[in-house]
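Reviewing the structure listed below.
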Amino acid sequence: MTHMCDRCKREIYKYTKCSYCKRVICFDCVKSSQKGTRTQKLVICKDCWSNMKRRKAYRSKRSGTSTEPKA
């Protein structure tokens, strides 16, 4: 089964989801990925990398769906 990349609109077979915008993206659109915790893998797309709030959350190893209070 094939999917469409939400960022570049290419037809893809293997995909991943951005941890911040929740879009289905291909591996060419992934800017960076890391293990946040033992069971959590954080992936950030190239569009979210240009958003400074999301990039700071990625660098501090927090996902965009955390339930932490916002200051």
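We name chains A, B, ... following the order of the structure tokens; residues begin at 1 in each chain, and ligands are numbered from 1 as shown.
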
Neighbour list for region 2-14 of chain A as a list in words, cut-off 7 Å, only C-alpha atoms, skip fewer than 5 positions in-chain: Arg23, Val24, Ile25 and Cys26 of chain A

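Secondary structure by DSSP on the backbone puts the following residues of chain A in strand (DSSP E or B): His3, Met4, Glu11, Ile12, Thr16, Lys17, Val24, Ile25, Val30, Lys31, Ser32, Ser33, Gln34, Lys35, Lys41, Leu42, Val43, Ile44 and Cys45 of chain A.
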
Once you have the residues from the selection above, write them out as a short mmCIF file (atom, residue, chain, number, x, y, z; two decimals), in the first residue's frame, restricted to N, CA and C atoms.
```
data_model
loop_
_atom_site.label_atom_id
_atom_site.label_comp_id
_atom_site.auth_asym_id
_atom_site.auth_seq_id
_atom_site.Cartn_x
_atom_site.Cartn_y
_atom_site.Cartn_z
N HIS A 3 1.42 5.50 0.21
CA HIS A 3 0.94 6.71 0.86
C HIS A 3 1.49 7.90 0.10
N MET A 4 0.94 9.06 0.39
CA MET A 4 1.45 10.30 -0.18
C MET A 4 2.11 11.10 0.95
N GLU A 11 4.83 9.92 -3.83
CA GLU A 11 4.29 8.60 -3.48
C GLU A 11 5.38 7.82 -2.75
N ILE A 12 5.04 7.31 -1.55
CA ILE A 12 6.03 6.63 -0.73
C ILE A 12 5.48 5.30 -0.24
N THR A 16 7.16 7.96 7.96
CA THR A 16 7.21 8.23 9.39
C THR A 16 6.34 9.45 9.64
N LYS A 17 6.00 9.67 10.89
CA LYS A 17 5.19 10.83 11.26
C LYS A 17 6.04 11.82 12.02
N VAL A 24 2.29 12.81 7.80
CA VAL A 24 2.98 11.65 7.25
C VAL A 24 4.03 12.19 6.28
N ILE A 25 5.29 11.86 6.54
CA ILE A 25 6.38 12.39 5.71
C ILE A 25 7.29 11.27 5.25
N VAL A 30 12.50 14.30 6.39
CA VAL A 30 12.90 14.27 7.80
C VAL A 30 14.17 15.10 7.95
N LYS A 31 14.13 16.07 8.83
CA LYS A 31 15.32 16.88 9.11
C LYS A 31 16.24 16.17 10.10
N SER A 32 15.65 15.63 11.18
CA SER A 32 16.45 14.97 12.19
C SER A 32 15.56 14.05 13.01
N SER A 33 16.18 13.06 13.65
CA SER A 33 15.45 12.17 14.55
C SER A 33 16.38 11.77 15.68
N GLN A 34 15.78 11.50 16.83
CA GLN A 34 16.55 11.10 18.00
C GLN A 34 15.64 10.32 18.94
N LYS A 35 16.25 9.62 19.86
CA LYS A 35 15.47 8.92 20.88
C LYS A 35 15.26 9.88 22.05
N LYS A 41 10.62 7.83 20.13
CA LYS A 41 11.50 8.32 19.09
C LYS A 41 10.94 9.64 18.58
N LEU A 42 11.74 10.68 18.60
CA LEU A 42 11.32 12.00 18.15
C LEU A 42 11.80 12.22 16.73
N VAL A 43 10.89 12.67 15.86
CA VAL A 43 11.21 12.96 14.48
C VAL A 43 10.72 14.38 14.20
N ILE A 44 11.54 15.18 13.55
CA ILE A 44 11.14 16.54 13.19
C ILE A 44 11.32 16.71 11.68
N CYS A 45 10.31 17.30 11.04
CA CYS A 45 10.37 17.51 9.60
C CYS A 45 11.05 18.85 9.30
#
```

Who sits within 10 Å of region 49-54 of chain A, only C-alpha atoms, same chain under 2 positions skipped, as a ChimeraX atom specification: /A:19-21,30-32,44-47,56-60,62-64

For the selection just defined, write its residues with N, CA and C atoms to a file, as a PDB file, in the first residue's frame.
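What follows is the written file again_1.pdb:
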```
ATOM      1  N   SER A  19       6.778  14.303  14.878  1.00  0.00           N
ATOM      2  CA  SER A  19       6.307  14.315  16.261  1.00  0.00           C
ATOM      3  C   SER A  19       5.636  15.622  16.634  1.00  0.00           C
ATOM      4  N   TYR A  20       5.732  16.635  15.802  1.00  0.00           N
ATOM      5  CA  TYR A  20       5.241  17.959  16.155  1.00  0.00           C
ATOM      6  C   TYR A  20       4.022  18.372  15.328  1.00  0.00           C
ATOM      7  N   CYS A  21       4.022  18.139  14.012  1.00  0.00           N
ATOM      8  CA  CYS A  21       2.866  18.514  13.199  1.00  0.00           C
ATOM      9  C   CYS A  21       1.996  17.316  12.839  1.00  0.00           C
ATOM     10  N   VAL A  30      12.503  14.301   6.389  1.00  0.00           N
ATOM     11  CA  VAL A  30      12.900  14.267   7.799  1.00  0.00           C
ATOM     12  C   VAL A  30      14.166  15.096   7.953  1.00  0.00           C
ATOM     13  N   LYS A  31      14.132  16.073   8.834  1.00  0.00           N
ATOM     14  CA  LYS A  31      15.323  16.884   9.109  1.00  0.00           C
ATOM     15  C   LYS A  31      16.239  16.174  10.097  1.00  0.00           C
ATOM     16  N   SER A  32      15.650  15.634  11.176  1.00  0.00           N
ATOM     17  CA  SER A  32      16.446  14.975  12.194  1.00  0.00           C
ATOM     18  C   SER A  32      15.558  14.048  13.013  1.00  0.00           C
ATOM     19  N   ILE A  44      11.539  15.179  13.548  1.00  0.00           N
ATOM     20  CA  ILE A  44      11.138  16.538  13.190  1.00  0.00           C
ATOM     21  C   ILE A  44      11.320  16.710  11.677  1.00  0.00           C
ATOM     22  N   CYS A  45      10.312  17.302  11.045  1.00  0.00           N
ATOM     23  CA  CYS A  45      10.375  17.513   9.601  1.00  0.00           C
ATOM     24  C   CYS A  45      11.051  18.848   9.302  1.00  0.00           C
ATOM     25  N   LYS A  46      11.317  19.095   8.043  1.00  0.00           N
ATOM     26  CA  LYS A  46      12.017  20.312   7.646  1.00  0.00           C
ATOM     27  C   LYS A  46      11.179  21.560   7.870  1.00  0.00           C
ATOM     28  N   ASP A  47       9.859  21.447   7.788  1.00  0.00           N
ATOM     29  CA  ASP A  47       8.992  22.600   8.040  1.00  0.00           C
ATOM     30  C   ASP A  47       8.979  22.964   9.525  1.00  0.00           C
ATOM     31  N   LYS A  56      13.109  24.215  19.601  1.00  0.00           N
ATOM     32  CA  LYS A  56      13.562  24.215  20.993  1.00  0.00           C
ATOM     33  C   LYS A  56      13.001  23.019  21.750  1.00  0.00           C
ATOM     34  N   ALA A  57      11.735  22.657  21.471  1.00  0.00           N
ATOM     35  CA  ALA A  57      11.154  21.480  22.111  1.00  0.00           C
ATOM     36  C   ALA A  57      11.867  20.215  21.664  1.00  0.00           C
ATOM     37  N   TYR A  58      12.256  20.158  20.392  1.00  0.00           N
ATOM     38  CA  TYR A  58      12.991  18.998  19.882  1.00  0.00           C
ATOM     39  C   TYR A  58      14.369  18.907  20.531  1.00  0.00           C
ATOM     40  N   ARG A  59      15.041  20.023  20.640  1.00  0.00           N
ATOM     41  CA  ARG A  59      16.381  20.023  21.222  1.00  0.00           C
ATOM     42  C   ARG A  59      16.359  19.679  22.700  1.00  0.00           C
ATOM     43  N   SER A  60      15.270  20.016  23.399  1.00  0.00           N
ATOM     44  CA  SER A  60      15.179  19.657  24.807  1.00  0.00           C
ATOM     45  C   SER A  60      14.515  18.293  24.989  1.00  0.00           C
ATOM     46  N   ARG A  62      11.528  16.978  24.005  1.00  0.00           N
ATOM     47  CA  ARG A  62      10.116  16.888  24.383  1.00  0.00           C
ATOM     48  C   ARG A  62       9.289  16.793  23.118  1.00  0.00           C
ATOM     49  N   SER A  63       8.263  15.972  23.142  1.00  0.00           N
ATOM     50  CA  SER A  63       7.382  15.876  21.985  1.00  0.00           C
ATOM     51  C   SER A  63       6.382  17.023  22.005  1.00  0.00           C
ATOM     52  N   GLY A  64       5.730  17.264  20.894  1.00  0.00           N
ATOM     53  CA  GLY A  64       4.776  18.351  20.790  1.00  0.00           C
ATOM     54  C   GLY A  64       3.468  18.065  21.476  1.00  0.00           C
TER      55      GLY A  64
END
```
